[in-house]
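Read the structure below first, then the notes.
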Amino acid sequence: MKRKIVITGAAGFIGSHVIRLFVNKYPEYDCYNLDNLTYAGNLENVKDLQDKPNYHFIKGDITDTEFIEKLFQQHRFDGVIHLAAESHVDRSIADPLCFIRTNVLGTANLLNAARNLWKDDMEGKRFYHVSTDEVYGSLGAEGYFTEKTAYSPRSPYSASKASSDHFVRAYFHTYGLPVVMSNCSNNYGSHHFPEKLIPLAINNIRHNQPIPVYGKGANVRDGLWVDDHARAIDVIFHKGRLGETYNIGGHNEWSNLDLIKLLCRIMDRKLGREEGTSEKLITFVKDRAGHDLRYAIDPTKLRDELGWEPSLQFEEGLEKTVDWYLANQEWLDHVTSGDYQKYYEKQYQGR
Ligand code: NAD
Ligand code: TYD
């Protein structure tokens, strides 16, 4: 079936993997990458797609209400996969309003534009909102987030994502907009911007720079290989029940310290350094304000209803991730030049 799908934020980390999967797997779909190329958006992430006849790029800002309305009327999309967002918790602590604008207003603009375009015929239309497990708040040592866990966001980032999730559900209940959502755990893999822990640590180890670990490194994250997330989005977009959310995660919990130690061992081996060299770079720094202790997803609903399973666990996935970064050091050098240096100094100096 021919379809016209707009994928927002597809010049970013996860979006680039999602649009690659869709462009290659569904040549009959026209896929539009809508992205305004913030510091996190980079067309190099999708350069392998630029000559494909079913891939198109539109530079545009989802917070611009008039622009988004006109764009939907002009292109008459029948599917939306919405990933564009401000995504980094530390940046949300420094500038919460930017997160409210992009994540809340931006999502509302897209919902409105889809509603106006589809109001007379919702058949075959679909609005997919990509969200995070961070909306559920922080777990203690036990338990898992399920789709029924009450929302309890604790950072400006997660509060803005929670708010956008509520708007998506409100448009389903109030206007009958055909929506589907997912809440996913921490992703890792290629093209990940080095403000997040794993790519930041890879980059610092490469340069023999300190690896900043917040607090005691005891916080736990549930890591998911980014292509497994993209596969889950594919299956939920096509087969997920309208109005439902699906939690995506792979039971892959690691404390930050254990994860960094594993990464150090892999990097020592790949760089031909003596074992233990990179671990010496680990530096404990002042903790993040309001730092959530533990995230862990129960993905039973997605597995039982739609048959999705993760394909990789950390040991294998991290090896592949490190291989990609070492083979693409130009990419890292490019994204860490300019503004990144200023960000890094502001974020880590005196910590
Ligand atoms: P990212 O920061 O790497 O990419 C975000 C993309 O959105 C960038 O290309 C950026 O240019 C674009 N963008 C930002 N503001 C925009 C605007 N106003 N208009 C148009 N484009 C804009 O983020 P990511 O890690 O790929 O996350 C993608 C989505 O997945 C987000 O919605 C995030 O909340 C969600 N998510 C991320 C993770 C994770 O571990 N990274 C986990 C679960 C859910
Ligand atoms: P991050 O990659 O920012 O993802 P999130 O905050 O969305 O989970 O951080 C992952 C974990 O690593 C989190 O517990 C915070 C911690 N962290 C550090 O210890 N040092 C760092 O420099 C960064 C960026 C994160």
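Here, A, B, ... name the chains of the structure tokens in the order displayed, residue numbers run from 1 inside each chain, and ligands are numbered from 1 in the same displayed order.
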
Please write out the residues within 6 Å of ligand 1 as number ranges by chain, counting only C-alpha atoms and all ligand atoms. A: 9-15, 35-38, 40-41, 60-63, 83-87, 102, 130-132, 184-187

Find the residues near Trp254 of chain A: any atom within 9 Å, counting only C-alpha atoms, skip ones fewer than 4 places away on the same chain, and give them as a list in words. Asn219, Val220, Arg221, Asp222, Gly223, Asp258, Leu259 and Phe314 of chain A

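Near Asp64 of chain A, within a cut-off of 12 Å and counting only C-alpha atoms, sit the residues Asn36, Lys59, Gly60, Asp61, Ile62, Glu66, Phe67, Ile68, Glu69, Lys70, Leu71, Arg101, Thr102, Leu105, Gly106, Thr107, Ala108, Asn109, Leu110 and Ala113 of chain A, with same-chain residues fewer than 2 positions away left out.
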
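Taking only C-alpha atoms and all ligand atoms into account, ligand 2 has within 7 Å the residues His88, Val89, Asp90, Asn186, Glu195, Lys196, Leu197, Ile198, Leu200, Pro212, Val213, Tyr214, Gly217, Asn219, Val220, Arg221, Asn256, His291 and Asp292 of chain A.
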
Write out, as a PDB file, in the first residue's frame, the residues just selected, with N, CA and C atoms.
ATOM      1  N   HIS A  88      17.904  15.729  26.198  1.00  0.00           N
ATOM      2  CA  HIS A  88      18.942  15.482  27.211  1.00  0.00           C
ATOM      3  C   HIS A  88      18.576  16.084  28.579  1.00  0.00           C
ATOM      4  N   VAL A  89      18.518  15.221  29.596  1.00  0.00           N
ATOM      5  CA  VAL A  89      18.073  15.632  30.940  1.00  0.00           C
ATOM      6  C   VAL A  89      18.910  16.795  31.476  1.00  0.00           C
ATOM      7  N   ASP A  90      20.244  16.729  31.333  1.00  0.00           N
ATOM      8  CA  ASP A  90      21.086  17.811  31.884  1.00  0.00           C
ATOM      9  C   ASP A  90      20.751  19.150  31.242  1.00  0.00           C
ATOM     10  N   ASN A 186      16.465   3.534  27.907  1.00  0.00           N
ATOM     11  CA  ASN A 186      17.646   4.210  27.332  1.00  0.00           C
ATOM     12  C   ASN A 186      18.199   3.457  26.122  1.00  0.00           C
ATOM     13  N   GLU A 195      26.710  13.712  24.266  1.00  0.00           N
ATOM     14  CA  GLU A 195      26.338  14.361  25.529  1.00  0.00           C
ATOM     15  C   GLU A 195      25.790  13.279  26.469  1.00  0.00           C
ATOM     16  N   LYS A 196      25.321  12.171  25.886  1.00  0.00           N
ATOM     17  CA  LYS A 196      24.770  11.061  26.673  1.00  0.00           C
ATOM     18  C   LYS A 196      25.928  10.191  27.148  1.00  0.00           C
ATOM     19  N   LEU A 197      25.698   9.449  28.233  1.00  0.00           N
ATOM     20  CA  LEU A 197      26.800   8.795  28.933  1.00  0.00           C
ATOM     21  C   LEU A 197      27.686   7.907  28.039  1.00  0.00           C
ATOM     22  N   ILE A 198      27.082   7.001  27.270  1.00  0.00           N
ATOM     23  CA  ILE A 198      27.909   6.010  26.558  1.00  0.00           C
ATOM     24  C   ILE A 198      28.795   6.668  25.484  1.00  0.00           C
ATOM     25  N   LEU A 200      29.648   9.756  25.237  1.00  0.00           N
ATOM     26  CA  LEU A 200      30.554  10.710  25.895  1.00  0.00           C
ATOM     27  C   LEU A 200      31.763   9.963  26.461  1.00  0.00           C
ATOM     28  N   PRO A 212      33.396  11.393  33.418  1.00  0.00           N
ATOM     29  CA  PRO A 212      32.651  11.905  34.572  1.00  0.00           C
ATOM     30  C   PRO A 212      31.493  10.983  34.954  1.00  0.00           C
ATOM     31  N   VAL A 213      31.553  10.399  36.152  1.00  0.00           N
ATOM     32  CA  VAL A 213      30.456   9.541  36.638  1.00  0.00           C
ATOM     33  C   VAL A 213      29.751  10.290  37.764  1.00  0.00           C
ATOM     34  N   TYR A 214      28.455  10.499  37.585  1.00  0.00           N
ATOM     35  CA  TYR A 214      27.692  11.280  38.575  1.00  0.00           C
ATOM     36  C   TYR A 214      27.514  10.479  39.872  1.00  0.00           C
ATOM     37  N   GLY A 217      27.860   6.436  40.863  1.00  0.00           N
ATOM     38  CA  GLY A 217      27.731   5.553  39.696  1.00  0.00           C
ATOM     39  C   GLY A 217      26.752   4.413  39.957  1.00  0.00           C
ATOM     40  N   ASN A 219      23.409   4.571  39.928  1.00  0.00           N
ATOM     41  CA  ASN A 219      22.117   4.665  39.232  1.00  0.00           C
ATOM     42  C   ASN A 219      22.049   3.616  38.131  1.00  0.00           C
ATOM     43  N   VAL A 220      20.849   3.074  37.950  1.00  0.00           N
ATOM     44  CA  VAL A 220      20.695   1.940  37.033  1.00  0.00           C
ATOM     45  C   VAL A 220      19.840   2.346  35.836  1.00  0.00           C
ATOM     46  N   ARG A 221      20.319   2.004  34.630  1.00  0.00           N
ATOM     47  CA  ARG A 221      19.561   2.236  33.409  1.00  0.00           C
ATOM     48  C   ARG A 221      19.404   0.895  32.682  1.00  0.00           C
ATOM     49  N   ASN A 256      25.557   2.509  36.287  1.00  0.00           N
ATOM     50  CA  ASN A 256      26.442   3.318  35.444  1.00  0.00           C
ATOM     51  C   ASN A 256      27.901   2.892  35.616  1.00  0.00           C
ATOM     52  N   HIS A 291      18.458  13.253  40.465  1.00  0.00           N
ATOM     53  CA  HIS A 291      18.881  12.103  39.642  1.00  0.00           C
ATOM     54  C   HIS A 291      18.025  10.857  39.915  1.00  0.00           C
ATOM     55  N   ASP A 292      17.268  10.418  38.917  1.00  0.00           N
ATOM     56  CA  ASP A 292      16.440   9.208  39.079  1.00  0.00           C
ATOM     57  C   ASP A 292      17.339   8.000  39.327  1.00  0.00           C
TER      58      ASP A 292
END

If you count only C-alpha atoms, which residues fall within 8 Å of His56 of chain A, apart from same-chain ones fewer than 5 positions away, as JSON, numbers by chain? {"A": [30, 31, 32, 33, 50]}

Keeping only N, CA, C and O atoms, write those residues as a PDB file, in the first residue's frame.
ATOM      1  N   ASP A  30       6.491   6.841   0.895  1.00  0.00           N
ATOM      2  CA  ASP A  30       7.289   8.057   0.781  1.00  0.00           C
ATOM      3  C   ASP A  30       7.570   8.558   2.183  1.00  0.00           C
ATOM      4  O   ASP A  30       6.625   8.856   2.927  1.00  0.00           O
ATOM      5  N   CYS A  31       8.844   8.636   2.561  1.00  0.00           N
ATOM      6  CA  CYS A  31       9.199   9.014   3.933  1.00  0.00           C
ATOM      7  C   CYS A  31       9.807  10.408   3.955  1.00  0.00           C
ATOM      8  O   CYS A  31      10.795  10.669   3.249  1.00  0.00           O
ATOM      9  N   TYR A  32       9.229  11.285   4.761  1.00  0.00           N
ATOM     10  CA  TYR A  32       9.697  12.667   4.879  1.00  0.00           C
ATOM     11  C   TYR A  32      10.356  12.863   6.231  1.00  0.00           C
ATOM     12  O   TYR A  32       9.720  12.634   7.269  1.00  0.00           O
ATOM     13  N   ASN A  33      11.620  13.275   6.214  1.00  0.00           N
ATOM     14  CA  ASN A  33      12.350  13.580   7.443  1.00  0.00           C
ATOM     15  C   ASN A  33      12.134  15.061   7.764  1.00  0.00           C
ATOM     16  O   ASN A  33      12.645  15.927   7.053  1.00  0.00           O
ATOM     17  N   GLN A  50      20.151   9.778   1.186  1.00  0.00           N
ATOM     18  CA  GLN A  50      19.773  11.001   0.464  1.00  0.00           C
ATOM     19  C   GLN A  50      19.442  10.789  -1.014  1.00  0.00           C
ATOM     20  O   GLN A  50      18.680  11.571  -1.570  1.00  0.00           O
TER      21      GLN A  50
END

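For segment 115-124 of chain A, the non-local neighbours within 8 Å, defined as residues at least 4 positions apart in the same chain or in other chains and counting only C-alpha atoms, are Phe72, Gln73, Arg76, Asp78, Leu111, Tyr175, Leu177 and Pro178 of chain A.
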
Within 9 Å of segment 237-249 of chain A using only C-alpha atoms, minus same-chain residues under 6 positions, as number ranges by chain: A: 81, 126-128, 132-133, 145-147, 168-169, 172-173, 176-186, 222-224, 228-229, 296-302, 305-306, 309-310

Residues within 10 Å of Leu318 of chain A, please, as JSON, numbers by chain. Count only C-alpha atoms; anything in the same chain fewer than 4 positions from it doesn't count. {"A": [188, 189, 190, 198, 223, 225, 259, 262, 263, 266, 267, 312, 313, 314, 322, 323, 324]}

Please report, as a PyMOL selection string, each residue of segment 83-178 of chain A to which DSSP assigns helix (DSSP H, G or I) when run on this structure's backbone. chain A and resi 89-94+96-118+133-136+156-175

Requested write-out: C-alpha atoms of the selected residues, as a short mmCIF file (atom, residue, chain, number, x, y, z; two decimals), in the first residue's frame:
data_model
loop_
_atom_site.label_atom_id
_atom_site.label_comp_id
_atom_site.auth_asym_id
_atom_site.auth_seq_id
_atom_site.Cartn_x
_atom_site.Cartn_y
_atom_site.Cartn_z
CA VAL A 89 18.07 15.63 30.94
CA ASP A 90 21.09 17.81 31.88
CA ARG A 91 20.13 20.41 29.26
CA SER A 92 16.56 20.37 30.60
CA ILE A 93 17.86 21.25 34.05
CA ALA A 94 19.74 24.21 32.56
CA PRO A 96 13.47 23.92 31.01
CA LEU A 97 11.50 26.38 28.84
CA CYS A 98 13.17 25.14 25.67
CA PHE A 99 11.89 21.64 26.54
CA ILE A 100 8.37 22.89 27.12
CA ARG A 101 8.37 24.66 23.75
CA THR A 102 9.70 21.77 21.68
CA ASN A 103 8.29 18.77 23.49
CA VAL A 104 4.88 20.12 24.52
CA LEU A 105 4.01 22.89 22.04
CA GLY A 106 5.75 21.05 19.17
CA THR A 107 3.75 17.87 19.84
CA ALA A 108 0.49 19.84 20.17
CA ASN A 109 1.16 21.55 16.81
CA LEU A 110 1.60 18.17 15.11
CA LEU A 111 -1.53 16.76 16.77
CA ASN A 112 -3.57 19.78 15.65
CA ALA A 113 -2.28 19.66 12.10
CA ALA A 114 -3.04 15.92 11.86
CA ARG A 115 -6.50 16.44 13.31
CA ASN A 116 -7.31 19.26 10.88
CA LEU A 117 -6.07 17.22 7.93
CA TRP A 118 -7.77 13.94 8.89
CA ASP A 133 10.18 5.38 30.31
CA GLU A 134 11.37 8.45 32.27
CA VAL A 135 7.74 9.65 32.49
CA TYR A 136 7.15 6.92 35.09
CA PRO A 156 12.01 18.99 33.30
CA TYR A 157 12.75 16.64 30.37
CA SER A 158 10.51 13.85 31.65
CA ALA A 159 7.82 16.33 32.74
CA SER A 160 7.72 17.77 29.22
CA LYS A 161 7.53 14.28 27.68
CA ALA A 162 4.80 13.27 30.15
CA SER A 163 2.84 16.37 29.22
CA SER A 164 3.14 15.58 25.52
CA ASP A 165 1.98 11.98 26.20
CA HIS A 166 -1.11 13.36 27.96
CA PHE A 167 -1.93 15.57 24.97
CA VAL A 168 -1.62 12.59 22.62
CA ARG A 169 -4.08 10.59 24.75
CA ALA A 170 -6.40 13.61 25.02
CA TYR A 171 -6.56 13.87 21.20
CA PHE A 172 -7.44 10.18 21.01
CA HIS A 173 -10.26 10.44 23.55
CA THR A 174 -11.58 13.88 22.57
CA TYR A 175 -11.22 13.93 18.79
#
